[in-house]
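S.K.: Before anything else, here's the structure in question.
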Amino acid sequence: MSFSPGITPTPATEGGTSAPRSPAAGPLADFEHALIAPRDDAFAALGARFHTRLPGAPLPAPYVIGFSKAMAGRLGLDAAAVTDPAFAEFFCGNFTRERSPSAMSYASVYSGHQFGVWAGQLGDGRALTLGEVEHGGERNEVQLKGAGRTPYSRTADGRAVLRSSLREFLCSEAMHWLGVPTTRALSLAATGEPVVRDMFYDGHPREEPGAVVCRVAPSFLRFGNFQILAAQGEHEALRRLADYTCSNFFPGLGIEQAFREICRRTGLLMADWMRLGFVHGVMNTDNLSILGLTIDYGPYGWLEGYDLAWTPNTTDAEGRRYCYGNQPHVAQWNLARLAEALLPLVPEKGRLEEALALYADTFADAWRKALAQKLGVAALDRPGDGELVDELFELLAAAETDFTIFFRRLAVPTVDSLLPAYYAEDIPRERLAAWLKKYVARVGDDGARLDRMHAANPKYVFRNYLAQLAIDAMENGDASVLERLMQVLRYPYDEQPEHADLAARRPEWARHRAGCSALSCSS
């Protein structure tokens with residue numbers, strides 16, 4: 001199935017779409033000239049062992065279907081640039097060194113543990129970094145996902161499909177507005193040609209619309225960049241990478257102190273995921289950022305029925321290594337693997353162990369504070385608070401209870417207020433009423449509690465069924481669902497009553513539908 005040629009995008013707005021029109025008066029050209037080689041001499045010093053420079057694979061007729069005006073502003077890119085016919089060409093990888101000589105596009109090599117097993121050499125199999133842009137005191141890498149084959153694609157084609165690209169485009173922006181450290185997204189473009197994928201790994205591949213997402217981050221460095229050099233005994237290259245990392249992202253810190261900061265940031269990130277009911281789905285060491293960012297959106301999902309063992313990843317359905325409740329533990333395990341990779345540079349193992357303990361303390365403290373905020377109290381530090389929280393989570397697990405809706409509606413602590421959070425008829429009313437009585441006695445009401453709780457508990461999250469609705473509509477040539485979601489998810493903590501349908505429980509039709517309940521790693 002090829003992408004519908006009937007899409008007629010409108011001029012770009014925040015979350016809007018656009019079609020190539022007459023060339024704009026130079027905003028894209030200005031952006032191209034602003035691209036600089038990543039960290040200049042420092043990056044070059046890493047050498048070919050770290051990356052391979054190459055252009056994108058040409059596409060016949062790419063066109064833009066989604067665009068983040070907010071992210072464009074962060075890059076100093078005028079929103080008018082999206083109307084330039086060259087925009088889709090450039091942000092799908094259709095460029096040459098002669099056209100943009102300052103761009104040093106490249107794919108990185110790395111490795112890692114996948115589902116707890118050492119995977120050997122991996123790398124950017126379908127990602128291509130165009131270069132970096134410095135604007136407003138920030139410096140960001142600009143990367144295309146789905147731009148074609150690289151030396152690390154192995155047997156794959158280096159392309160991406162619309163469903164996975166749209167999910168990353170929207171979710172990374174939604175996570176940003178939720179207040180979670182994350183990579184960002186600039187644009188989503190249709191490639192104009194189909195891509196063959198076996199979505200369920202069941203021997204029935206089919207053609208799907210192809211797409212390229214342009215994502216942005218201060219760095220896409222991940223734990224696996226260090227692991228591969230350590231595993232192959234390339235200690236001098238490992239030191240160069242560590243020096244580069246410290247100099248550019250942890251200035252004034254040595255590698256020991258930088259590792260402590262990586263542990264601290266990762267602890268805060270895990271608390272963010274847990275407080276929102278977000279499940280990454282594939283926390284391999286090559287999918288964890290050294291900057292503590294949410295990176296590589298694949299088979300992610302949001303808790304609907306509260307379940308510590310829930311995973312959105314069909315590949316993980318048996319072992320549930322990356323389920324919701326395991327995420328903090330897996331992050332610590334992954335940090336331990338990074339510590340092992342750094343041992344050649346840090347002779348005193350105890351220093352790294354201290355940093356791992358800092359991770360545990362950071363997560364525990366941040367999670368406790370997040371729970372207090374979600375419950376509308378200043379701190380969970382009174383006698384009986386632990387029991388109150390334990391009883392709450394037992395209550396959530398007693399019946400299929402929507403995590404997001406329950407905490408949002410808890411601001412009005414009555415049984416009737418919380419009924420929309422339940423999926424089934426067997427609501428534990430008596431237990432709920434008994435717990436609410438204890439809760440109300442604990443929190444009181446100082447007049448500002450409702451506002452505080454609304455600021456901590458989002459009304460809108462990017463549920464998988466919403467993503468599927470946008471994908472279905474886009475495959476049929478309708479960009480309106482994507483545009484509406486982009487607008488609403490920018491204000492996830494606001495009421496937005498005209499969009500209340502987007503805050504509803506997962507509908508029954510989505511319970512077992514592919515893309516709505518669970519997804520494969522190809523997602």
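Chains: A, B, ... in order of the structure tokens. Residues: from 1 per chain. Ligands: from 1, in order shown.
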At a cut-off of 12 Å, using only C-alpha atoms, what residues contact Arg184 (chain A)? Leave out same-chain residues fewer than 3 positions from it and give the result as a count of residues only.
M.R.: 40
S.K.: Report the closest atom pair, with its distance in Å rounded to one decimal, for each residue of region 242-297 of chain A that has an atom no farther than 12 Å from region 373-395 of chain A; count only C-alpha atoms, sort by chain and then rising residue number, and write it as a tab-separated table.
M.R.:
```
residue	atom	partner	partner_atom	distance
A:Asp272	CA	A:Lys374	CA	11.8
A:Met274	CA	A:Lys374	CA	11.5
A:Arg275	CA	A:Lys374	CA	7.9
A:Leu276	CA	A:Lys374	CA	9.7
```
S.K.: Go ahead and write the selection's residues with all heavy atoms as a compact mmCIF listing (two decimals), in the first residue's frame.
M.R.:
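To be explicit, this is the file written out as part.txt:
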```
# COMPACT_ATOMS: atom_id res chain seq x y z
N ASP A 272 10.07 10.30 36.26
CA ASP A 272 9.12 10.93 35.33
C ASP A 272 8.29 9.88 34.61
O ASP A 272 7.06 10.01 34.48
CB ASP A 272 9.87 11.79 34.31
CG ASP A 272 10.06 13.23 34.77
OD1 ASP A 272 9.23 13.70 35.56
OD2 ASP A 272 11.02 13.87 34.33
N MET A 274 7.61 6.86 35.56
CA MET A 274 6.72 6.16 36.49
C MET A 274 5.55 7.03 36.93
O MET A 274 4.42 6.55 37.06
CB MET A 274 7.52 5.67 37.70
CG MET A 274 8.63 4.68 37.37
SD MET A 274 8.03 3.14 36.63
CE MET A 274 7.33 2.33 38.07
N ARG A 275 5.80 8.33 37.14
CA ARG A 275 4.71 9.20 37.62
C ARG A 275 3.63 9.37 36.56
O ARG A 275 2.47 9.62 36.88
CB ARG A 275 5.26 10.56 38.04
CG ARG A 275 5.70 11.47 36.90
CD ARG A 275 6.15 12.84 37.37
NE ARG A 275 6.69 13.65 36.30
CZ ARG A 275 5.95 14.41 35.47
NH1 ARG A 275 4.64 14.47 35.63
NH2 ARG A 275 6.52 15.12 34.52
N LEU A 276 3.99 9.21 35.30
CA LEU A 276 3.04 9.39 34.20
C LEU A 276 2.47 8.09 33.69
O LEU A 276 1.59 8.09 32.82
CB LEU A 276 3.72 10.15 33.05
CG LEU A 276 4.12 11.59 33.36
CD1 LEU A 276 5.03 12.13 32.27
CD2 LEU A 276 2.89 12.47 33.52
```
S.K.: Which residues in region 413-506 of chain A does DSSP call alpha helix (DSSP H)? List them as a PyMOL selection string.
M.R.: chain A and resi 415-418+429-443+449-456+464-475+480-488
S.K.: Could you pull out all residues of region 119-343 of chain A with a DSSP call of strand (DSSP E or B) and give them as a PyMOL selection string?
M.R.: chain A and resi 119-123+127-135+138-145+160-161+182+184-197+206-217+222+278-279+289+294+301-302+305+313
S.K.: If we count only C-alpha atoms, what is near Arg126 (chain A) at a cut-off of 7 Å, once residues fewer than 5 positions away on the same chain are taken out, given as a PDB file with N, CA, C and O atoms, in the first residue's frame?
M.R.:
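Output file out-v4.pdb follows:
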```pdb
ATOM      1  N   LYS A 145      15.463  10.012  10.755  1.00  0.00           N
ATOM      2  CA  LYS A 145      15.227   8.590  11.001  1.00  0.00           C
ATOM      3  C   LYS A 145      14.400   8.043   9.854  1.00  0.00           C
ATOM      4  O   LYS A 145      13.273   8.484   9.632  1.00  0.00           O
ATOM      5  N   GLY A 146      14.996   7.110   9.111  1.00  0.00           N
ATOM      6  CA  GLY A 146      14.345   6.553   7.937  1.00  0.00           C
ATOM      7  C   GLY A 146      14.939   7.050   6.640  1.00  0.00           C
ATOM      8  O   GLY A 146      14.326   6.916   5.574  1.00  0.00           O
ATOM      9  N   ALA A 147      16.169   7.601   6.719  1.00  0.00           N
ATOM     10  CA  ALA A 147      16.776   8.244   5.549  1.00  0.00           C
ATOM     11  C   ALA A 147      17.509   7.280   4.628  1.00  0.00           C
ATOM     12  O   ALA A 147      18.093   7.694   3.640  1.00  0.00           O
ATOM     13  N   GLY A 148      17.500   5.987   4.927  1.00  0.00           N
ATOM     14  CA  GLY A 148      18.123   5.023   4.024  1.00  0.00           C
ATOM     15  C   GLY A 148      19.207   4.193   4.689  1.00  0.00           C
ATOM     16  O   GLY A 148      19.533   4.373   5.861  1.00  0.00           O
ATOM     17  N   ARG A 149      19.761   3.277   3.927  1.00  0.00           N
ATOM     18  CA  ARG A 149      20.733   2.321   4.443  1.00  0.00           C
ATOM     19  C   ARG A 149      22.018   3.021   4.898  1.00  0.00           C
ATOM     20  O   ARG A 149      22.432   4.036   4.344  1.00  0.00           O
ATOM     21  N   THR A 150      22.603   2.446   5.944  1.00  0.00           N
ATOM     22  CA  THR A 150      23.911   2.872   6.436  1.00  0.00           C
ATOM     23  C   THR A 150      24.767   1.616   6.584  1.00  0.00           C
ATOM     24  O   THR A 150      24.263   0.491   6.436  1.00  0.00           O
ATOM     25  N   SER A 153      23.072  -1.002   8.892  1.00  0.00           N
ATOM     26  CA  SER A 153      21.703  -1.452   8.654  1.00  0.00           C
ATOM     27  C   SER A 153      21.587  -2.968   8.644  1.00  0.00           C
ATOM     28  O   SER A 153      20.476  -3.497   8.677  1.00  0.00           O
ATOM     29  N   GLY A 158      16.932   0.450   5.931  1.00  0.00           N
ATOM     30  CA  GLY A 158      17.207   1.793   6.430  1.00  0.00           C
ATOM     31  C   GLY A 158      16.033   2.742   6.364  1.00  0.00           C
ATOM     32  O   GLY A 158      16.164   3.923   6.695  1.00  0.00           O
ATOM     33  N   ARG A 159      14.875   2.240   5.990  1.00  0.00           N
ATOM     34  CA  ARG A 159      13.688   3.086   5.876  1.00  0.00           C
ATOM     35  C   ARG A 159      12.798   2.941   7.116  1.00  0.00           C
ATOM     36  O   ARG A 159      12.990   2.060   7.938  1.00  0.00           O
TER      37      ARG A 159
END
```
S.K.: For Ser105 (chain A), which of A:His51, A:Arg167, A:Arg265, A:Arg452 is the closest residue, counting only C-alpha atoms?
M.R.: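 Between A:His51, A:Arg167, A:Arg265, A:Arg452, the residue approaching Ser105 (chain A) most closely is A:His51.
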S.K.: Would you pick out the contacts of Leu469 (chain A) at 10 Å or less, using only C-alpha atoms, so that residues sharing its chain but fewer than 2 positions from it are not included, and give the list as an mmCIF file with C-alpha atoms, in the first residue's frame?
M.R.:
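Contents of the output file selection.cif:
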```cif
data_model
loop_
_atom_site.group_PDB
_atom_site.id
_atom_site.type_symbol
_atom_site.label_atom_id
_atom_site.label_comp_id
_atom_site.auth_asym_id
_atom_site.auth_seq_id
_atom_site.Cartn_x
_atom_site.Cartn_y
_atom_site.Cartn_z
ATOM 1 C CA ASN A 464 -1.749 4.160 21.697
ATOM 2 C CA TYR A 465 -5.318 4.180 20.412
ATOM 3 C CA LEU A 466 -5.018 7.925 19.728
ATOM 4 C CA ALA A 467 -1.845 7.268 17.786
ATOM 5 C CA ILE A 471 -2.199 6.768 11.607
ATOM 6 C CA ASP A 472 -5.440 5.441 10.123
ATOM 7 C CA ALA A 473 -6.563 8.926 9.149
ATOM 8 C CA MET A 474 -3.199 9.848 7.635
ATOM 9 C CA VAL A 481 -6.354 14.045 13.534
ATOM 10 C CA LEU A 482 -2.585 14.519 13.649
ATOM 11 C CA GLY A 515 -1.170 -0.810 17.465
ATOM 12 C CA CYS A 516 -3.578 0.000 20.308
#
```
S.K.: Of the candidates A:Leu229, A:Leu345, A:Val461, A:Met486, which one gets nearest to Ala185 (chain A) if we count only C-alpha atoms?
M.R.: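 Using only C-alpha atoms, Ala185 (chain A) sits closest to A:Met486.
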S.K.: Which is closer to Arg321 (chain A) than all the others in A:Gly116, A:Gly73, A:Phe403, A:Tyr439, using only C-alpha atoms?
M.R.: A:Gly116
S.K.: Could you please determine the separation between CA of Val195 (chain A) and CA of Ala317 (chain A) in Å, to one decimal place?
M.R.: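 CA of Ala317 (chain A) lies at a distance of 26.2 Å from CA of Val195 (chain A).
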S.K.: Measure the distance from CA of Gly325 (chain A) to CA of Arg431 (chain A) in Å and round it to one decimal.
M.R.: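 That distance, rounded to one decimal, is 23.5 Å.
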S.K.: Hey, can you check how far CA of Ala479 (chain A) sits from CA of Gly93 (chain A)?
M.R.: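 The value is 22.7 Å.
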S.K.: Could you list, as a PyMOL selection string, every residue within 12 Å of Gln232 (chain A), counting only C-alpha atoms and ignoring same-chain residues fewer than 6 positions away?
M.R.: chain A and resi 49+110-111+120-121+225-226+238+341+344
S.K.: Write a file of the just-selected residues containing N, CA and C atoms, as a PDB file, in the first residue's frame.
M.R.:
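part-v4.pdb, freshly written:
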```pdb
ATOM      1  N   ARG A  49      36.252   5.322  13.626  1.00  0.00           N
ATOM      2  CA  ARG A  49      35.816   4.209  14.476  1.00  0.00           C
ATOM      3  C   ARG A  49      34.475   4.510  15.132  1.00  0.00           C
ATOM      4  N   TYR A 110      27.568   1.695  17.480  1.00  0.00           N
ATOM      5  CA  TYR A 110      27.503   1.437  18.913  1.00  0.00           C
ATOM      6  C   TYR A 110      27.109  -0.020  19.108  1.00  0.00           C
ATOM      7  N   SER A 111      27.010  -0.435  20.342  1.00  0.00           N
ATOM      8  CA  SER A 111      26.567  -1.787  20.642  1.00  0.00           C
ATOM      9  C   SER A 111      25.672  -1.737  21.858  1.00  0.00           C
ATOM     10  N   GLY A 120      26.546  -7.485  20.388  1.00  0.00           N
ATOM     11  CA  GLY A 120      27.608  -7.222  19.418  1.00  0.00           C
ATOM     12  C   GLY A 120      27.445  -5.860  18.771  1.00  0.00           C
ATOM     13  N   GLN A 121      28.005  -5.716  17.585  1.00  0.00           N
ATOM     14  CA  GLN A 121      27.966  -4.411  16.931  1.00  0.00           C
ATOM     15  C   GLN A 121      26.561  -4.075  16.451  1.00  0.00           C
ATOM     16  N   ASN A 225      27.424   3.533  22.800  1.00  0.00           N
ATOM     17  CA  ASN A 225      28.595   4.137  22.152  1.00  0.00           C
ATOM     18  C   ASN A 225      29.869   3.848  22.932  1.00  0.00           C
ATOM     19  N   PHE A 226      29.749   3.778  24.253  1.00  0.00           N
ATOM     20  CA  PHE A 226      30.896   3.479  25.108  1.00  0.00           C
ATOM     21  C   PHE A 226      31.131   1.973  25.191  1.00  0.00           C
ATOM     22  N   LEU A 238      38.074   4.946  23.497  1.00  0.00           N
ATOM     23  CA  LEU A 238      37.130   5.126  24.595  1.00  0.00           C
ATOM     24  C   LEU A 238      37.458   6.394  25.366  1.00  0.00           C
ATOM     25  N   ALA A 341      31.843  -0.551  31.208  1.00  0.00           N
ATOM     26  CA  ALA A 341      32.537  -0.037  30.025  1.00  0.00           C
ATOM     27  C   ALA A 341      33.533   1.055  30.382  1.00  0.00           C
ATOM     28  N   PRO A 344      38.051   0.843  32.324  1.00  0.00           N
ATOM     29  CA  PRO A 344      39.413   1.133  31.863  1.00  0.00           C
ATOM     30  C   PRO A 344      39.843   2.574  32.117  1.00  0.00           C
TER      31      PRO A 344
END
```
S.K.: Let me make sure I understand: among A:Leu268, A:Leu335, A:Ile255, A:Leu291, which one has the smallest atom-to-atom distance to Gln227 (chain A) if we use only C-alpha atoms?
M.R.: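 Among A:Leu268, A:Leu335, A:Ile255, A:Leu291, it is A:Leu335 that comes nearest to Gln227 (chain A).
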S.K.: Which neighbours of Gly76 (chain A) fall inside 12 Å, counting only C-alpha atoms, when residues of the same chain fewer than 2 positions from it are skipped, and could you give them as number ranges by chain?
M.R.: A: 27-28, 30-32, 34-35, 69-74, 78-81, 133-140, 186
S.K.: Restricting the calculation to only C-alpha atoms: of A:Gly254, A:Gly123, A:Pro312, A:Gly112, which residue gets closest to Ala231 (chain A)?
M.R.: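 Nearest candidate to Ala231 (chain A) out of A:Gly254, A:Gly123, A:Pro312, A:Gly112: A:Gly112.
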